[in-house]
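Listing of model-v7.txt, compact mmCIF, N, CA and C atoms and all ligand atoms
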```txt
# COMPACT_ATOMS: atom_id res chain seq x y z
N MET J 1 -102.46 -15.25 3.86
CA MET J 1 -102.15 -13.95 3.26
C MET J 1 -100.75 -13.99 2.68
N PRO J 2 -100.61 -13.77 1.41
CA PRO J 2 -99.27 -13.83 0.80
C PRO J 2 -98.38 -12.69 1.28
N ASN J 3 -97.10 -12.94 1.23
CA ASN J 3 -96.14 -11.92 1.63
C ASN J 3 -95.86 -11.04 0.42
N ALA J 4 -96.39 -9.85 0.42
CA ALA J 4 -96.22 -8.94 -0.70
C ALA J 4 -95.52 -7.66 -0.24
N ALA J 5 -94.46 -7.85 0.54
CA ALA J 5 -93.72 -6.69 1.03
C ALA J 5 -93.03 -5.98 -0.12
N LEU J 6 -92.96 -4.68 0.01
CA LEU J 6 -92.30 -3.88 -1.02
C LEU J 6 -90.79 -4.12 -0.98
N PRO J 7 -90.14 -4.12 -2.14
CA PRO J 7 -88.67 -4.26 -2.12
C PRO J 7 -88.04 -3.05 -1.43
N LEU J 8 -87.02 -3.33 -0.62
CA LEU J 8 -86.36 -2.26 0.12
C LEU J 8 -84.89 -2.19 -0.27
N ASP J 9 -84.33 -1.01 -0.14
CA ASP J 9 -82.91 -0.82 -0.34
C ASP J 9 -82.15 -1.55 0.77
N LEU J 10 -81.02 -2.15 0.45
CA LEU J 10 -80.24 -2.90 1.45
C LEU J 10 -79.84 -2.04 2.64
N ALA J 11 -79.66 -0.75 2.43
CA ALA J 11 -79.25 0.14 3.52
C ALA J 11 -80.36 0.28 4.57
N ILE J 12 -81.62 0.06 4.17
CA ILE J 12 -82.74 0.19 5.11
C ILE J 12 -82.95 -1.09 5.90
N LEU J 13 -82.67 -2.23 5.27
CA LEU J 13 -82.84 -3.52 5.95
C LEU J 13 -81.86 -3.62 7.11
N PRO J 14 -82.23 -4.39 8.17
CA PRO J 14 -81.28 -4.56 9.28
C PRO J 14 -80.04 -5.31 8.80
N HIS J 15 -78.92 -5.03 9.46
CA HIS J 15 -77.65 -5.61 9.06
C HIS J 15 -77.30 -6.88 9.83
N SER J 16 -78.08 -7.17 10.88
CA SER J 16 -77.81 -8.36 11.69
C SER J 16 -79.09 -8.75 12.43
N ALA J 17 -79.06 -9.94 13.02
CA ALA J 17 -80.20 -10.37 13.83
C ALA J 17 -80.42 -9.41 15.00
N TRP J 18 -79.33 -8.95 15.62
CA TRP J 18 -79.45 -8.03 16.77
C TRP J 18 -80.05 -6.70 16.35
N ASN J 19 -79.72 -6.25 15.14
CA ASN J 19 -80.29 -5.02 14.62
C ASN J 19 -81.81 -5.17 14.45
N ALA J 20 -82.22 -6.33 13.89
CA ALA J 20 -83.66 -6.60 13.71
C ALA J 20 -84.35 -6.73 15.06
N ILE J 21 -83.73 -7.46 16.00
CA ILE J 21 -84.31 -7.65 17.33
C ILE J 21 -84.44 -6.31 18.05
N GLY J 22 -83.44 -5.46 17.91
CA GLY J 22 -83.49 -4.13 18.53
C GLY J 22 -84.65 -3.31 18.01
N ARG J 23 -84.84 -3.34 16.68
CA ARG J 23 -85.98 -2.61 16.10
C ARG J 23 -87.30 -3.15 16.66
N GLY J 24 -87.42 -4.49 16.69
CA GLY J 24 -88.65 -5.10 17.20
C GLY J 24 -88.87 -4.79 18.67
N ALA J 25 -87.79 -4.83 19.46
CA ALA J 25 -87.91 -4.54 20.90
C ALA J 25 -88.33 -3.10 21.15
N LEU J 26 -87.97 -2.21 20.24
CA LEU J 26 -88.38 -0.80 20.38
C LEU J 26 -89.78 -0.56 19.81
N GLY J 27 -90.41 -1.62 19.30
CA GLY J 27 -91.77 -1.50 18.77
C GLY J 27 -91.80 -0.96 17.35
N LYS J 28 -90.66 -0.98 16.68
CA LYS J 28 -90.59 -0.52 15.28
C LYS J 28 -90.62 -1.72 14.35
N CYS J 29 -90.99 -1.50 13.12
CA CYS J 29 -90.98 -2.57 12.13
C CYS J 29 -89.56 -3.12 12.01
N PRO J 30 -89.35 -4.42 12.26
CA PRO J 30 -88.00 -4.97 12.16
C PRO J 30 -87.41 -4.87 10.76
N ARG J 31 -88.25 -4.83 9.74
CA ARG J 31 -87.76 -4.83 8.35
C ARG J 31 -87.28 -3.45 7.93
N CYS J 32 -88.11 -2.42 8.13
CA CYS J 32 -87.74 -1.08 7.66
C CYS J 32 -87.40 -0.13 8.81
N GLY J 33 -87.82 -0.46 10.03
CA GLY J 33 -87.53 0.39 11.18
C GLY J 33 -88.28 1.70 11.17
N GLY J 34 -89.22 1.84 10.25
CA GLY J 34 -89.83 3.14 10.05
C GLY J 34 -91.10 3.43 10.81
N THR J 35 -91.87 2.41 11.16
CA THR J 35 -93.14 2.70 11.81
C THR J 35 -93.43 1.64 12.86
N HIS J 36 -94.63 1.67 13.41
CA HIS J 36 -94.96 0.83 14.55
C HIS J 36 -95.17 -0.63 14.18
N LEU J 37 -94.66 -1.52 15.03
CA LEU J 37 -94.87 -2.95 14.86
C LEU J 37 -96.19 -3.37 15.49
N PHE J 38 -96.61 -2.65 16.55
CA PHE J 38 -97.81 -3.04 17.28
C PHE J 38 -98.96 -2.08 16.98
N ALA J 39 -100.14 -2.70 16.83
CA ALA J 39 -101.33 -1.89 16.59
C ALA J 39 -101.85 -1.29 17.89
N GLY J 40 -101.42 -1.83 18.98
CA GLY J 40 -101.86 -1.44 20.31
C GLY J 40 -101.77 -2.66 21.19
N GLY J 41 -101.36 -2.48 22.40
CA GLY J 41 -101.19 -3.63 23.27
C GLY J 41 -100.11 -4.56 22.75
N LEU J 42 -100.46 -5.83 22.65
CA LEU J 42 -99.48 -6.84 22.22
C LEU J 42 -99.77 -7.38 20.83
N LYS J 43 -100.76 -6.83 20.15
CA LYS J 43 -101.12 -7.32 18.82
C LYS J 43 -100.33 -6.57 17.75
N PRO J 44 -99.56 -7.31 16.94
CA PRO J 44 -98.82 -6.62 15.88
C PRO J 44 -99.75 -6.15 14.76
N VAL J 45 -99.31 -5.16 14.02
CA VAL J 45 -100.08 -4.68 12.88
C VAL J 45 -100.14 -5.79 11.83
N GLU J 46 -101.18 -5.78 11.00
CA GLU J 46 -101.25 -6.79 9.94
C GLU J 46 -100.13 -6.60 8.93
N ARG J 47 -99.96 -5.36 8.49
CA ARG J 47 -98.89 -5.04 7.53
C ARG J 47 -98.26 -3.71 7.94
N CYS J 48 -96.97 -3.62 7.72
CA CYS J 48 -96.27 -2.36 7.97
C CYS J 48 -96.77 -1.34 6.96
N ARG J 49 -97.09 -0.15 7.45
CA ARG J 49 -97.61 0.89 6.56
C ARG J 49 -96.55 1.42 5.61
N MET J 50 -95.29 1.25 5.95
CA MET J 50 -94.23 1.79 5.09
C MET J 50 -93.66 0.77 4.12
N CYS J 51 -93.43 -0.47 4.60
CA CYS J 51 -92.78 -1.45 3.71
C CYS J 51 -93.72 -2.58 3.28
N GLY J 52 -94.88 -2.69 3.89
CA GLY J 52 -95.86 -3.69 3.48
C GLY J 52 -95.61 -5.09 4.01
N GLN J 53 -94.63 -5.25 4.90
CA GLN J 53 -94.35 -6.59 5.46
C GLN J 53 -95.56 -7.08 6.26
N ASN J 54 -95.93 -8.33 6.00
CA ASN J 54 -97.03 -8.97 6.72
C ASN J 54 -96.51 -9.49 8.05
N TRP J 55 -97.01 -8.93 9.17
CA TRP J 55 -96.54 -9.35 10.50
C TRP J 55 -97.49 -10.34 11.16
N THR J 56 -98.55 -10.77 10.45
CA THR J 56 -99.45 -11.77 11.02
C THR J 56 -98.85 -13.17 10.86
N LEU J 57 -97.73 -13.29 10.19
CA LEU J 57 -97.12 -14.59 9.92
C LEU J 57 -96.32 -15.13 11.10
N HIS J 58 -96.17 -14.32 12.15
CA HIS J 58 -95.36 -14.76 13.29
C HIS J 58 -96.10 -15.79 14.12
N ALA J 59 -95.35 -16.51 14.94
CA ALA J 59 -95.92 -17.44 15.91
C ALA J 59 -95.11 -17.32 17.18
N ALA J 60 -95.16 -16.13 17.80
CA ALA J 60 -94.36 -15.89 19.00
C ALA J 60 -94.84 -16.75 20.16
N ASP J 61 -96.13 -17.04 20.22
CA ASP J 61 -96.71 -17.93 21.22
C ASP J 61 -96.30 -17.56 22.65
N ASP J 62 -95.75 -18.53 23.38
CA ASP J 62 -95.43 -18.33 24.81
C ASP J 62 -94.02 -17.84 25.07
N PHE J 63 -93.23 -17.66 24.01
CA PHE J 63 -91.83 -17.28 24.24
C PHE J 63 -91.69 -15.89 24.86
N PRO J 64 -92.42 -14.85 24.39
CA PRO J 64 -92.29 -13.54 25.04
C PRO J 64 -92.65 -13.55 26.54
N PRO J 65 -93.76 -14.20 26.95
CA PRO J 65 -94.02 -14.27 28.40
C PRO J 65 -92.92 -15.04 29.15
N TYR J 66 -92.37 -16.07 28.52
CA TYR J 66 -91.28 -16.81 29.15
C TYR J 66 -90.09 -15.88 29.40
N ILE J 67 -89.74 -15.08 28.40
CA ILE J 67 -88.62 -14.13 28.55
C ILE J 67 -88.93 -13.12 29.65
N ALA J 68 -90.17 -12.60 29.66
CA ALA J 68 -90.56 -11.59 30.66
C ALA J 68 -90.50 -12.17 32.07
N ILE J 69 -90.98 -13.38 32.23
CA ILE J 69 -90.96 -14.02 33.56
C ILE J 69 -89.53 -14.34 33.99
N LEU J 70 -88.72 -14.83 33.06
CA LEU J 70 -87.32 -15.16 33.38
C LEU J 70 -86.56 -13.90 33.83
N LEU J 71 -86.69 -12.82 33.07
CA LEU J 71 -85.98 -11.58 33.42
C LEU J 71 -86.52 -11.00 34.73
N THR J 72 -87.83 -11.01 34.89
CA THR J 72 -88.43 -10.47 36.11
C THR J 72 -87.96 -11.25 37.33
N GLY J 73 -87.93 -12.56 37.23
CA GLY J 73 -87.46 -13.39 38.33
C GLY J 73 -86.03 -13.07 38.72
N HIS J 74 -85.16 -12.89 37.71
CA HIS J 74 -83.76 -12.60 38.01
C HIS J 74 -83.57 -11.19 38.56
N LEU J 75 -84.40 -10.25 38.11
CA LEU J 75 -84.30 -8.88 38.62
C LEU J 75 -84.91 -8.76 40.01
N MET J 76 -85.95 -9.52 40.27
CA MET J 76 -86.65 -9.41 41.55
C MET J 76 -85.95 -10.18 42.67
N ALA J 77 -85.18 -11.19 42.36
CA ALA J 77 -84.55 -12.02 43.41
C ALA J 77 -83.75 -11.18 44.40
N PRO J 78 -82.83 -10.33 43.94
CA PRO J 78 -82.08 -9.53 44.94
C PRO J 78 -82.97 -8.54 45.70
N VAL J 79 -84.02 -8.05 45.05
CA VAL J 79 -84.95 -7.12 45.72
C VAL J 79 -85.68 -7.86 46.85
N ILE J 80 -86.14 -9.07 46.55
CA ILE J 80 -86.87 -9.85 47.55
C ILE J 80 -85.94 -10.21 48.71
N ILE J 81 -84.71 -10.59 48.39
CA ILE J 81 -83.74 -10.92 49.45
C ILE J 81 -83.48 -9.68 50.31
N GLY J 82 -83.31 -8.52 49.66
CA GLY J 82 -83.07 -7.28 50.39
C GLY J 82 -84.24 -6.90 51.27
N LEU J 83 -85.45 -7.04 50.74
CA LEU J 83 -86.64 -6.72 51.54
C LEU J 83 -86.78 -7.69 52.72
N GLY J 84 -86.38 -8.93 52.52
CA GLY J 84 -86.47 -9.93 53.59
C GLY J 84 -85.55 -9.62 54.75
N LYS J 85 -84.51 -8.83 54.51
CA LYS J 85 -83.56 -8.48 55.58
C LYS J 85 -84.04 -7.29 56.41
N VAL J 86 -85.06 -6.59 55.91
CA VAL J 86 -85.59 -5.44 56.64
C VAL J 86 -86.61 -5.96 57.66
N GLU J 87 -86.18 -6.03 58.92
CA GLU J 87 -87.03 -6.65 59.96
C GLU J 87 -88.23 -5.78 60.32
N SER J 88 -88.13 -4.47 60.11
CA SER J 88 -89.24 -3.60 60.49
C SER J 88 -90.36 -3.58 59.44
N LEU J 89 -90.12 -4.22 58.29
CA LEU J 89 -91.13 -4.22 57.22
C LEU J 89 -92.14 -5.34 57.45
N PRO J 90 -93.42 -5.00 57.60
CA PRO J 90 -94.43 -6.06 57.79
C PRO J 90 -94.54 -6.94 56.54
N GLU J 91 -94.97 -8.19 56.75
CA GLU J 91 -95.07 -9.13 55.64
C GLU J 91 -96.02 -8.65 54.55
N TRP J 92 -97.14 -8.05 54.95
CA TRP J 92 -98.11 -7.60 53.95
C TRP J 92 -97.51 -6.50 53.08
N ALA J 93 -96.68 -5.63 53.68
CA ALA J 93 -96.05 -4.56 52.92
C ALA J 93 -95.02 -5.15 51.94
N MET J 94 -94.28 -6.15 52.38
CA MET J 94 -93.31 -6.80 51.50
C MET J 94 -94.03 -7.46 50.32
N MET J 95 -95.12 -8.16 50.62
CA MET J 95 -95.88 -8.82 49.55
C MET J 95 -96.42 -7.79 48.56
N LEU J 96 -96.92 -6.68 49.09
CA LEU J 96 -97.46 -5.64 48.21
C LEU J 96 -96.37 -5.05 47.31
N ILE J 97 -95.22 -4.77 47.90
CA ILE J 97 -94.10 -4.21 47.12
C ILE J 97 -93.67 -5.19 46.04
N VAL J 98 -93.53 -6.46 46.40
CA VAL J 98 -93.08 -7.48 45.45
C VAL J 98 -94.11 -7.66 44.33
N LEU J 99 -95.38 -7.71 44.68
CA LEU J 99 -96.42 -7.89 43.65
C LEU J 99 -96.46 -6.72 42.67
N VAL J 100 -96.38 -5.51 43.20
CA VAL J 100 -96.43 -4.33 42.33
C VAL J 100 -95.19 -4.27 41.43
N LEU J 101 -94.01 -4.49 42.02
CA LEU J 101 -92.78 -4.44 41.22
C LEU J 101 -92.75 -5.55 40.17
N ALA J 102 -93.09 -6.77 40.56
CA ALA J 102 -93.07 -7.89 39.62
C ALA J 102 -94.09 -7.68 38.50
N GLY J 103 -95.28 -7.27 38.85
CA GLY J 103 -96.31 -7.01 37.84
C GLY J 103 -95.90 -5.91 36.87
N SER J 104 -95.30 -4.85 37.42
CA SER J 104 -94.85 -3.75 36.58
C SER J 104 -93.72 -4.18 35.65
N LEU J 105 -92.79 -4.95 36.18
CA LEU J 105 -91.67 -5.42 35.35
C LEU J 105 -92.15 -6.31 34.22
N ILE J 106 -93.03 -7.25 34.54
CA ILE J 106 -93.55 -8.15 33.50
C ILE J 106 -94.28 -7.33 32.42
N ALA J 107 -95.09 -6.38 32.85
CA ALA J 107 -95.83 -5.55 31.89
C ALA J 107 -94.88 -4.73 31.02
N ALA J 108 -93.79 -4.26 31.62
CA ALA J 108 -92.83 -3.43 30.87
C ALA J 108 -91.99 -4.26 29.91
N ILE J 109 -91.70 -5.51 30.26
CA ILE J 109 -90.80 -6.34 29.45
C ILE J 109 -91.54 -7.09 28.35
N LEU J 110 -92.82 -7.39 28.56
CA LEU J 110 -93.55 -8.27 27.65
C LEU J 110 -93.59 -7.77 26.20
N ARG J 111 -93.91 -6.51 26.01
CA ARG J 111 -94.02 -5.99 24.64
C ARG J 111 -92.67 -5.95 23.92
N PRO J 112 -91.61 -5.43 24.54
CA PRO J 112 -90.30 -5.50 23.87
C PRO J 112 -89.87 -6.94 23.58
N ALA J 113 -90.19 -7.86 24.49
CA ALA J 113 -89.83 -9.26 24.26
C ALA J 113 -90.59 -9.81 23.05
N LYS J 114 -91.86 -9.47 22.93
CA LYS J 114 -92.64 -9.96 21.79
C LYS J 114 -92.12 -9.35 20.48
N GLY J 115 -91.79 -8.07 20.51
CA GLY J 115 -91.23 -7.43 19.32
C GLY J 115 -89.92 -8.06 18.91
N GLY J 116 -89.08 -8.38 19.88
CA GLY J 116 -87.81 -9.03 19.59
C GLY J 116 -87.99 -10.44 19.05
N VAL J 117 -88.94 -11.17 19.59
CA VAL J 117 -89.19 -12.55 19.13
C VAL J 117 -89.74 -12.53 17.70
N ILE J 118 -90.67 -11.62 17.42
CA ILE J 118 -91.22 -11.52 16.06
C ILE J 118 -90.11 -11.16 15.08
N ALA J 119 -89.25 -10.22 15.47
CA ALA J 119 -88.13 -9.82 14.61
C ALA J 119 -87.18 -10.98 14.36
N LEU J 120 -86.88 -11.76 15.40
CA LEU J 120 -85.98 -12.90 15.24
C LEU J 120 -86.59 -13.95 14.32
N GLN J 121 -87.90 -14.21 14.48
CA GLN J 121 -88.56 -15.18 13.61
C GLN J 121 -88.51 -14.72 12.15
N TRP J 122 -88.73 -13.44 11.93
CA TRP J 122 -88.67 -12.91 10.57
C TRP J 122 -87.23 -13.01 10.03
N TRP J 123 -86.27 -12.62 10.84
CA TRP J 123 -84.87 -12.62 10.41
C TRP J 123 -84.43 -14.02 10.01
N LEU J 124 -84.84 -15.02 10.80
CA LEU J 124 -84.43 -16.40 10.55
C LEU J 124 -85.35 -17.14 9.59
N GLY J 125 -86.48 -16.52 9.21
CA GLY J 125 -87.41 -17.17 8.29
C GLY J 125 -88.18 -18.30 8.95
N MET J 126 -88.54 -18.13 10.21
CA MET J 126 -89.25 -19.17 10.94
C MET J 126 -90.76 -19.00 10.78
N GLN J 127 -91.48 -20.07 11.05
CA GLN J 127 -92.94 -20.10 11.02
C GLN J 127 -93.46 -19.58 9.68
N GLY J 128 -94.35 -18.59 9.69
CA GLY J 128 -94.93 -18.08 8.46
C GLY J 128 -93.97 -17.30 7.59
N PHE J 129 -92.80 -16.97 8.13
CA PHE J 129 -91.81 -16.23 7.35
C PHE J 129 -90.90 -17.16 6.55
N ALA J 130 -91.18 -18.47 6.61
CA ALA J 130 -90.33 -19.43 5.89
C ALA J 130 -90.28 -19.09 4.41
N GLY J 131 -89.08 -19.08 3.88
CA GLY J 131 -88.89 -18.75 2.47
C GLY J 131 -88.74 -17.27 2.20
N ASN J 132 -89.01 -16.42 3.21
CA ASN J 132 -88.88 -14.97 3.06
C ASN J 132 -88.12 -14.39 4.26
N SER J 133 -87.02 -14.99 4.62
CA SER J 133 -86.31 -14.52 5.81
C SER J 133 -85.65 -13.17 5.56
N GLY J 134 -85.58 -12.39 6.63
CA GLY J 134 -84.91 -11.09 6.57
C GLY J 134 -83.44 -11.24 6.26
N LYS J 135 -82.85 -12.32 6.82
CA LYS J 135 -81.43 -12.60 6.61
C LYS J 135 -81.13 -12.77 5.12
N ALA J 136 -81.98 -13.55 4.44
CA ALA J 136 -81.79 -13.79 3.00
C ALA J 136 -82.03 -12.50 2.22
N GLU J 137 -83.06 -11.74 2.63
CA GLU J 137 -83.36 -10.49 1.93
C GLU J 137 -82.22 -9.50 2.06
N ALA J 138 -81.57 -9.51 3.22
CA ALA J 138 -80.44 -8.60 3.44
C ALA J 138 -79.16 -9.14 2.80
N GLY J 139 -79.25 -10.32 2.16
CA GLY J 139 -78.08 -10.87 1.48
C GLY J 139 -77.08 -11.51 2.42
N LEU J 140 -77.52 -11.92 3.61
CA LEU J 140 -76.60 -12.49 4.59
C LEU J 140 -76.79 -13.99 4.78
N ALA J 141 -77.72 -14.60 4.04
CA ALA J 141 -77.97 -16.04 4.22
C ALA J 141 -76.98 -16.88 3.42
ZN ZN V 1 -91.76 -1.86 7.66
```
How does the structure come out when it is put into structure tokens?
Ligand SMILES: [Zn+2]
Amino acid sequence: MPNAALPLDLAILPHSAWNAIGRGALGKCPRCGGTHLFAGGLKPVERCRMCGQNWTLHAADDFPPYIAILLTGHLMAPVIIGLGKVESLPEWAMMLIVLVLAGSLIAAILRPAKGGVIALQWWLGMQGFAGNSGKAEAGLA
């Protein structure tokens, strides 16, 4: 599918990689910031309804789950250590608390991580975005 995104004013384009990543992490189109990046769940929309950017060109692959697992592990470590010090807490209750918290954290982090990774790939012109990087479009390349 060719990239036939509509030309945008420089003021609408992100001004930095972090700006693009922030838009993606919030589930907004990294290019225009105007509408949803995801069609539902973890699948990005084919094209942005406002700017026409093709978001099927990404190849986020395993990086978003890696980010979610890494952050969850670092956030859960002190919780697990703290729960381990509570002697009155039965093991099954500790396991249940840890499983629910870890599962919830991964579920909460996964979509923002995927949005950020897609935005970074677009900004840097990686994978299917090669030759049409956001950085170049914003005049920063
Ligand atoms: Zn857009």
Show me which residues are within 6 Å of ligand ZN 1 (chain V) counting all atoms listed in the file, and format the list as a PDB file with N, CA and C atoms, keeping the file's coordinate frame.
```pdb
ATOM      1  N   CYS J  29     -90.990  -1.500  13.120  1.00  0.00           N
ATOM      2  CA  CYS J  29     -90.980  -2.570  12.130  1.00  0.00           C
ATOM      3  C   CYS J  29     -89.560  -3.120  12.010  1.00  0.00           C
ATOM      4  N   PRO J  30     -89.350  -4.420  12.260  1.00  0.00           N
ATOM      5  CA  PRO J  30     -88.000  -4.970  12.160  1.00  0.00           C
ATOM      6  C   PRO J  30     -87.410  -4.870  10.760  1.00  0.00           C
ATOM      7  N   ARG J  31     -88.250  -4.830   9.740  1.00  0.00           N
ATOM      8  CA  ARG J  31     -87.760  -4.830   8.350  1.00  0.00           C
ATOM      9  C   ARG J  31     -87.280  -3.450   7.930  1.00  0.00           C
ATOM     10  N   CYS J  32     -88.110  -2.420   8.130  1.00  0.00           N
ATOM     11  CA  CYS J  32     -87.740  -1.080   7.660  1.00  0.00           C
ATOM     12  C   CYS J  32     -87.400  -0.130   8.810  1.00  0.00           C
ATOM     13  N   GLY J  33     -87.820  -0.460  10.030  1.00  0.00           N
ATOM     14  CA  GLY J  33     -87.530   0.390  11.180  1.00  0.00           C
ATOM     15  C   GLY J  33     -88.280   1.700  11.170  1.00  0.00           C
ATOM     16  N   GLY J  34     -89.220   1.840  10.250  1.00  0.00           N
ATOM     17  CA  GLY J  34     -89.830   3.140  10.050  1.00  0.00           C
ATOM     18  C   GLY J  34     -91.100   3.430  10.810  1.00  0.00           C
ATOM     19  N   THR J  35     -91.870   2.410  11.160  1.00  0.00           N
ATOM     20  CA  THR J  35     -93.140   2.700  11.810  1.00  0.00           C
ATOM     21  C   THR J  35     -93.430   1.640  12.860  1.00  0.00           C
ATOM     22  N   CYS J  48     -96.970  -3.620   7.720  1.00  0.00           N
ATOM     23  CA  CYS J  48     -96.270  -2.360   7.970  1.00  0.00           C
ATOM     24  C   CYS J  48     -96.770  -1.340   6.960  1.00  0.00           C
ATOM     25  N   ARG J  49     -97.090  -0.150   7.450  1.00  0.00           N
ATOM     26  CA  ARG J  49     -97.610   0.890   6.560  1.00  0.00           C
ATOM     27  C   ARG J  49     -96.550   1.420   5.610  1.00  0.00           C
ATOM     28  N   MET J  50     -95.290   1.250   5.950  1.00  0.00           N
ATOM     29  CA  MET J  50     -94.230   1.790   5.090  1.00  0.00           C
ATOM     30  C   MET J  50     -93.660   0.770   4.120  1.00  0.00           C
ATOM     31  N   CYS J  51     -93.430  -0.470   4.600  1.00  0.00           N
ATOM     32  CA  CYS J  51     -92.780  -1.450   3.710  1.00  0.00           C
ATOM     33  C   CYS J  51     -93.720  -2.580   3.280  1.00  0.00           C
ATOM     34  N   GLY J  52     -94.880  -2.690   3.890  1.00  0.00           N
ATOM     35  CA  GLY J  52     -95.860  -3.690   3.480  1.00  0.00           C
ATOM     36  C   GLY J  52     -95.610  -5.090   4.010  1.00  0.00           C
ATOM     37  N   GLN J  53     -94.630  -5.250   4.900  1.00  0.00           N
ATOM     38  CA  GLN J  53     -94.350  -6.590   5.460  1.00  0.00           C
ATOM     39  C   GLN J  53     -95.560  -7.080   6.260  1.00  0.00           C
TER      40      GLN J  53
END
```
Between atom CA of Thr72 of chain J and atom CA of Asn19 of chain J lies a distance of 23.6 Å
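Take atom N of Leu75 of chain J and atom N of Ala17 of chain J: the distance between them is 25.7 Å.
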Just give me the gap between atom N of Trp123 of chain J and atom N of Asn54 of chain J in Å, one decimal is fine.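 Separation between atom N of Trp123 of chain J and atom N of Asn54 of chain J: 11.6 Å.
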Could you check which of J:Ile80, J:Ala59, J:Val86, J:Leu10 is closest to Gln121 of chain J, using all atoms listed in the file?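 Once distances to Gln121 of chain J are computed over all atoms listed in the file, the minimum belongs to J:Ala59.
With distances restricted to only N, CA and C atoms, J:Gly128 is the closest residue to Leu57 of chain J from J:Gly27, J:Gly115, J:Gly128, J:Gly103.
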Enumerate as a count of residues only all residues of segment 41-120 of chain J assigned to strand (DSSP E or B) by DSSP on the backbone, naming them with the chain letters and numbers the document uses. 4
